[in-house]
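start-v3.txt follows; it contains compact mmCIF, C-alpha atoms and all ligand atoms.
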```txt
# COMPACT_ATOMS: atom_id res chain seq x y z
CA MET A 162 -234.36 51.07 154.02
CA THR A 163 -236.93 48.36 153.43
CA THR A 164 -239.11 47.57 156.38
CA HIS A 165 -241.95 45.32 157.46
CA ALA A 166 -244.64 45.69 160.07
CA TYR A 167 -244.52 44.05 163.48
CA ARG A 168 -247.54 43.90 165.80
CA ASN A 169 -247.06 44.06 169.56
CA LEU A 170 -249.85 41.77 170.73
CA LYS A 171 -249.75 43.18 174.25
CA LEU A 172 -250.77 46.61 172.94
CA CYS A 173 -253.24 45.43 170.31
CA THR A 174 -256.86 46.23 171.25
CA LYS A 175 -258.21 44.18 168.32
CA ASP A 176 -260.26 46.91 166.68
CA CYS A 177 -259.07 45.60 163.31
CA LEU A 178 -258.35 48.96 161.63
CA CYS A 179 -255.09 47.52 160.31
CA LEU A 180 -257.06 44.79 158.56
CA PHE A 181 -259.03 47.39 156.57
CA VAL A 182 -256.04 49.39 155.37
CA CYS A 183 -253.57 46.63 154.52
CA PRO A 184 -253.36 46.24 150.72
CA THR A 185 -252.03 42.67 150.85
CA GLY A 186 -253.93 41.00 153.69
CA ALA A 187 -250.70 40.60 155.67
CA THR A 188 -252.34 41.84 158.87
CA ASN A 189 -255.06 39.20 158.73
CA ASN A 190 -253.10 36.24 159.98
CA GLU A 191 -254.28 33.36 162.16
CA THR A 192 -251.28 33.68 164.46
CA GLY A 193 -252.18 37.25 165.41
CA GLN A 194 -248.82 38.35 164.06
CA ILE A 195 -248.36 40.08 160.72
CA ASP A 196 -247.47 37.77 157.86
CA PHE A 197 -243.97 38.98 156.94
CA SER A 198 -244.05 37.13 153.61
CA LYS A 199 -247.03 39.23 152.45
CA CYS A 200 -246.01 42.58 153.99
CA ILE A 201 -244.72 45.13 151.45
CA GLY A 202 -243.71 47.65 154.13
CA CYS A 203 -246.13 50.42 153.10
CA GLY A 204 -246.68 51.45 156.74
CA ALA A 205 -250.45 51.98 156.35
CA CYS A 206 -251.27 49.68 159.26
CA ALA A 207 -248.86 51.44 161.63
CA LYS A 208 -250.41 54.81 160.74
CA ALA A 209 -253.95 53.49 161.19
CA CYS A 210 -253.40 51.70 164.49
CA PRO A 211 -254.92 53.75 167.34
CA SER A 212 -253.04 51.74 169.98
CA ARG A 213 -249.61 52.21 168.43
CA ALA A 214 -249.33 48.44 168.46
CA ILE A 215 -247.60 48.26 165.08
CA THR A 216 -243.99 49.20 164.51
CA MET A 217 -242.16 49.26 161.21
CA ILE A 218 -238.88 47.40 161.60
CA PRO A 219 -236.00 46.98 159.13
CA ASN A 220 -235.96 43.80 157.06
CA THR A 221 -232.26 43.49 157.72
CA MET A 222 -231.02 44.31 161.17
CA PRO A 223 -227.79 46.29 161.49
CA LYS A 224 -224.64 44.32 162.26
CA ILE A 225 -223.81 43.90 165.91
CA GLN A 226 -221.20 46.48 166.83
CA PRO A 227 -218.13 44.85 168.37
CA LYS A 228 -217.34 45.74 171.97
CA SER A 229 -213.83 45.89 173.34
CA LYS A 230 -212.73 43.24 175.82
CA GLU A 231 -212.11 45.99 178.42
CA MET A 232 -215.69 47.17 178.13
CA VAL A 233 -217.14 43.66 178.41
CA ASP A 234 -214.89 42.99 181.43
CA GLU A 235 -216.23 46.13 183.11
CA LEU A 236 -219.83 45.16 182.36
CA PHE A 237 -219.15 41.74 183.90
CA LYS A 238 -217.67 43.34 187.01
CA ILE A 239 -220.84 45.37 187.51
CA ALA A 240 -222.94 42.24 186.92
CA ASP A 241 -220.86 40.33 189.50
CA ASN A 242 -221.53 43.05 192.06
CA LYS A 243 -225.24 42.94 191.31
CA ILE A 244 -225.21 39.14 191.80
CA LYS A 245 -223.53 39.62 195.18
CA GLU A 246 -226.17 42.21 196.12
CA ILE A 247 -228.91 39.73 195.23
CA GLN A 248 -227.29 37.06 197.40
CA ILE A 249 -227.12 39.47 200.35
CA LEU A 250 -230.74 40.55 199.83
CA LYS A 251 -231.89 36.93 199.63
CA GLY A 252 -230.09 36.27 202.91
CA LEU A 253 -232.13 39.04 204.55
CA LEU A 254 -235.50 37.76 203.37
CA ASN A 255 -236.27 35.56 206.37
CA THR A 256 -235.20 38.12 208.91
CA VAL A 257 -237.46 41.07 208.09
CA SER A 258 -241.11 42.17 208.37
CA PRO A 259 -243.66 41.51 205.56
CA GLU A 260 -243.42 45.14 204.43
CA GLU A 261 -239.63 44.99 204.29
CA THR A 262 -239.91 41.66 202.46
CA LYS A 263 -241.81 43.43 199.65
CA LEU A 264 -239.09 46.04 199.38
CA ILE A 265 -236.32 43.44 199.32
CA LYS A 266 -238.11 41.41 196.64
CA ALA A 267 -238.46 44.56 194.54
CA LEU A 268 -234.74 45.27 194.96
CA ILE A 269 -233.87 41.69 193.95
CA HIS A 270 -236.05 42.02 190.85
CA SER A 271 -234.53 45.37 189.96
CA ASN A 272 -231.01 43.92 190.25
CA GLN A 273 -232.01 40.99 188.04
CA VAL A 274 -233.28 43.38 185.37
CA ILE A 275 -230.01 45.34 185.53
CA ILE A 276 -228.02 42.10 185.12
CA GLU A 277 -230.11 41.19 182.07
CA ASP A 278 -229.38 44.62 180.58
CA LEU A 279 -225.67 44.22 181.27
CA MET A 280 -225.66 40.80 179.60
CA ARG A 281 -227.54 42.24 176.65
CA GLU A 282 -225.01 45.04 176.38
CA SER A 283 -222.23 42.42 176.48
CA GLU A 284 -223.97 40.63 173.55
CA PHE A 285 -224.88 37.53 175.52
CA MET A 286 -228.64 38.11 175.31
CA ILE A 287 -228.80 37.83 171.54
CA PRO A 288 -229.27 34.08 171.08
CA GLU A 289 -227.84 33.96 167.56
CA SER A 290 -224.74 36.05 168.28
CA PRO A 291 -221.32 34.37 168.02
CA LYS A 292 -220.71 35.23 171.68
CA SER A 293 -223.83 33.42 172.86
CA HIS A 294 -222.85 30.50 170.63
CA GLY A 295 -219.38 30.38 172.22
CA LEU A 296 -220.97 30.49 175.66
CA LEU A 297 -223.26 27.57 174.78
CA VAL A 298 -220.29 25.58 173.48
CA ARG A 299 -218.55 26.17 176.83
CA LEU A 300 -221.70 25.23 178.78
CA SER A 301 -222.09 22.03 176.75
CA LYS A 302 -218.84 20.81 178.35
CA ASN A 303 -220.53 20.91 181.77
CA PRO A 304 -222.22 17.50 182.28
CA GLU A 305 -224.96 19.04 184.48
CA ILE A 306 -226.32 21.25 181.71
CA LYS A 307 -224.92 19.57 178.62
CA ASN A 308 -228.35 18.38 177.40
CA ILE A 309 -229.89 21.85 177.49
CA ALA A 310 -226.86 23.51 175.92
CA ASP A 311 -226.72 20.89 173.14
CA LYS A 312 -230.42 21.37 172.36
CA LEU A 313 -229.97 25.14 172.11
CA LEU A 314 -226.90 24.70 169.92
CA GLU A 315 -228.96 22.52 167.59
CA LYS A 316 -231.79 25.04 167.37
CA ILE A 317 -229.97 28.38 167.17
CA GLU A 318 -227.86 29.11 164.16
CA VAL A 319 -225.06 31.63 164.47
CA ASN A 320 -225.99 34.83 162.68
CA GLU A 321 -223.65 37.82 162.77
S1 LIG A 401 -255.17 48.51 164.30
FE1 LIG A 401 -253.76 48.17 166.01
S2 LIG A 401 -255.06 47.74 167.75
FE2 LIG A 401 -256.31 47.49 165.92
S3 LIG A 401 -256.17 45.28 165.44
FE3 LIG A 401 -254.58 46.35 164.27
S4 LIG A 401 -252.77 46.20 165.58
FE4 LIG A 401 -254.51 45.77 166.87
S1 LIG A 402 -246.95 47.62 156.25
FE1 LIG A 402 -248.50 47.68 154.65
S2 LIG A 402 -248.39 45.65 153.71
FE2 LIG A 402 -247.31 45.51 155.67
S3 LIG A 402 -248.86 44.77 157.05
FE3 LIG A 402 -248.85 47.01 157.20
S4 LIG A 402 -250.43 47.69 155.75
FE4 LIG A 402 -249.96 45.55 155.29
```

Step by step, read the file and then write its structure as structure tokens.
Amino acid sequence: MTTHAYRNLKLCTKDCLCLFVCPTGATNNETGQIDFSKCIGCGACAKACPSRAITMIPNTMPKIQPKSKEMVDELFKIADNKIKEIQILKGLLNTVSPEETKLIKALIHSNQVIIEDLMRESEFMIPESPKSHGLLVRLSKNPEIKNIADKLLEKIEVNE
């Protein structure tokens, strides 16, 4: 499988070891990211990086695996319950002590993260997926958010 290097800028400690080992200069890029057009996928930078900031990723990502309608329906049911929990927690916010407020905010955040994961699992968090595209098409029929949906439709091409 052919790969190229990807640098996680949050982990990079900028000691520049990857710049010394790269045979093509791909790691020395003004943007801070590795220049994919120059990377030959040798993996030397990933091995040299003391911060494990570089990952080798496939040039071609595997196809999205289809999920059955039943499974997506179940994922949506769980997400709906999490949304209800968030609404209940938000309703409690003004009625509790500062310490309890911290706990409730943490619970709200945790529920939001779970909902994001559920949406990702249901293929709605991959912007270029046909499902996200279909969702945007539906949203573009809503006058309140039509502008945003249309802009996203213009920018994101469908890619299976
Ligand atoms: S070797 Fe790793 S930590 Fe050092 S500059 Fe390169 S990516 Fe950043
Ligand atoms: S994988 Fe090889 S060519 Fe690509 S950036 Fe790293 S050292 Fe350079």

**OP:** Would you please work out which residue, of A:Ile218, A:Ile276, A:Ile201, A:Cys177, is nearest to ligand LIG 402 (chain A) when using all atoms listed in the file?
**Re:**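 For ligand LIG 402 (chain A), the nearest of the given residues is A:Ile201.
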
Return as a compact mmCIF listing (two decimals) with C-alpha atoms, in the coordinates of the input every polymer residue, whether protein, DNA or RNA, with at least one atom no more than 9 Å from an atom of ligand LIG 402 (chain A); count only C-alpha atoms and all ligand atoms.
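Generated file (result02.txt):
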```txt
# COMPACT_ATOMS: atom_id res chain seq x y z
CA THR A 164 -239.11 47.57 156.38
CA HIS A 165 -241.95 45.32 157.46
CA ALA A 166 -244.64 45.69 160.07
CA TYR A 167 -244.52 44.05 163.48
CA ARG A 168 -247.54 43.90 165.80
CA CYS A 179 -255.09 47.52 160.31
CA LEU A 180 -257.06 44.79 158.56
CA PHE A 181 -259.03 47.39 156.57
CA VAL A 182 -256.04 49.39 155.37
CA CYS A 183 -253.57 46.63 154.52
CA PRO A 184 -253.36 46.24 150.72
CA THR A 185 -252.03 42.67 150.85
CA GLY A 186 -253.93 41.00 153.69
CA ALA A 187 -250.70 40.60 155.67
CA THR A 188 -252.34 41.84 158.87
CA ASN A 189 -255.06 39.20 158.73
CA ILE A 195 -248.36 40.08 160.72
CA ASP A 196 -247.47 37.77 157.86
CA PHE A 197 -243.97 38.98 156.94
CA LYS A 199 -247.03 39.23 152.45
CA CYS A 200 -246.01 42.58 153.99
CA ILE A 201 -244.72 45.13 151.45
CA GLY A 202 -243.71 47.65 154.13
CA CYS A 203 -246.13 50.42 153.10
CA GLY A 204 -246.68 51.45 156.74
CA ALA A 205 -250.45 51.98 156.35
CA CYS A 206 -251.27 49.68 159.26
CA ALA A 207 -248.86 51.44 161.63
CA LYS A 208 -250.41 54.81 160.74
CA ALA A 209 -253.95 53.49 161.19
CA ILE A 215 -247.60 48.26 165.08
CA THR A 216 -243.99 49.20 164.51
CA MET A 217 -242.16 49.26 161.21
```

**OP:** Tell me, in Å to one decimal, how far atom CA of A:Ile247 is from atom CA of A:Ala310.
**Re:**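 Rounded to one decimal, the two atoms are 25.3 Å apart.
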
Original post:
Smallest atom-to-atom distance to ligand LIG 401 (chain A): which of A:Cys210, A:Met232, A:Leu170, A:Leu296, using all atoms listed in the file?
Top reply: A:Cys210

What are the centre and edge lengths in Å, to one decimal, of the axis-aligned box around all listed atoms of ligand LIG 401 (chain A) with 8 Å added on each side, as JSON?
```
{"center_x": -254.5, "center_y": 46.9, "center_z": 166.0, "size_x": 19.5, "size_y": 19.2, "size_z": 19.5}
```

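For the atom pair formed by atom CA of A:Pro223 and atom CA of A:Met286, the distance is 16.1 Å, given to one decimal.
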
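We find atom CA of A:Ser283 and atom CA of A:Leu236 to be spaced 6.9 Å apart.
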
Could you pull the residues within 12 Å of stretch 249-260 of chain A, counting all atoms listed in the file, minus those fewer than 4 positions along the same chain, as a short mmCIF file (atom, residue, chain, number, x, y, z; two decimals) with C-alpha atoms, in the coordinates of the input?
```cif
data_model
loop_
_atom_site.label_atom_id
_atom_site.label_comp_id
_atom_site.auth_asym_id
_atom_site.auth_seq_id
_atom_site.Cartn_x
_atom_site.Cartn_y
_atom_site.Cartn_z
CA ASN A 242 -221.53 43.05 192.06
CA LYS A 243 -225.24 42.94 191.31
CA ILE A 244 -225.21 39.14 191.80
CA LYS A 245 -223.53 39.62 195.18
CA LEU A 264 -239.09 46.04 199.38
CA ILE A 265 -236.32 43.44 199.32
CA LYS A 266 -238.11 41.41 196.64
CA ALA A 267 -238.46 44.56 194.54
CA LEU A 268 -234.74 45.27 194.96
CA ILE A 269 -233.87 41.69 193.95
CA HIS A 270 -236.05 42.02 190.85
CA SER A 271 -234.53 45.37 189.96
CA ASN A 272 -231.01 43.92 190.25
CA GLN A 273 -232.01 40.99 188.04
#
```

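With all atoms listed in the file as the basis for measurement, A:Lys316 is the residue among A:Arg213, A:Lys238, A:Lys316, A:Lys230 that approaches A:Pro288 most closely.
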
Subject >> Nearest to A:Leu297 by atom-to-atom distance, counting all atoms listed in the file, from A:Met280, A:Met222, A:Val319, A:Val233 >> reply: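 Checking each of A:Met280, A:Met222, A:Val319, A:Val233 against A:Leu297, counting all atoms listed in the file, the winner is A:Val319.
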
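Considering the residues A:Asn169, A:Ala240, A:Lys224, A:Leu178 and counting only C-alpha atoms and all ligand atoms, ligand LIG 401 (chain A) has its shortest atom-to-atom contact with A:Leu178.
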
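Shortest atom-to-atom contact with A:Glu277 among A:Ser229, A:Asp176, A:Ile239, A:Ile317: A:Ile239, counting only C-alpha atoms.
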
Once N, CA and C atoms are restored for stretch 277-288 of chain A, what would the output be as a compact mmCIF listing (two decimals), in the frame of the given file?
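The result, stored in result39.txt:
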```txt
# COMPACT_ATOMS: atom_id res chain seq x y z
N GLU A 277 -229.70 41.54 183.44
CA GLU A 277 -230.11 41.19 182.07
C GLU A 277 -229.65 42.26 181.08
N ASP A 278 -229.82 43.53 181.47
CA ASP A 278 -229.38 44.62 180.58
C ASP A 278 -227.88 44.57 180.35
N LEU A 279 -227.13 44.29 181.41
CA LEU A 279 -225.67 44.22 181.27
C LEU A 279 -225.27 43.08 180.34
N MET A 280 -225.97 41.94 180.48
CA MET A 280 -225.66 40.80 179.60
C MET A 280 -226.02 41.13 178.16
N ARG A 281 -227.14 41.86 178.01
CA ARG A 281 -227.54 42.24 176.65
C ARG A 281 -226.48 43.16 176.05
N GLU A 282 -226.05 44.11 176.84
CA GLU A 282 -225.01 45.04 176.38
C GLU A 282 -223.72 44.29 176.03
N SER A 283 -223.45 43.19 176.74
CA SER A 283 -222.23 42.42 176.48
C SER A 283 -222.42 41.41 175.36
N GLU A 284 -223.61 41.47 174.70
CA GLU A 284 -223.97 40.63 173.55
C GLU A 284 -224.28 39.19 173.91
N PHE A 285 -224.56 38.91 175.17
CA PHE A 285 -224.88 37.53 175.52
C PHE A 285 -226.38 37.27 175.54
N MET A 286 -227.20 38.33 175.30
CA MET A 286 -228.64 38.11 175.31
C MET A 286 -229.19 37.97 173.90
N ILE A 287 -228.33 38.02 172.91
CA ILE A 287 -228.80 37.83 171.54
C ILE A 287 -228.49 36.38 171.19
N PRO A 288 -229.53 35.53 171.16
CA PRO A 288 -229.27 34.08 171.08
C PRO A 288 -228.41 33.67 169.89
```
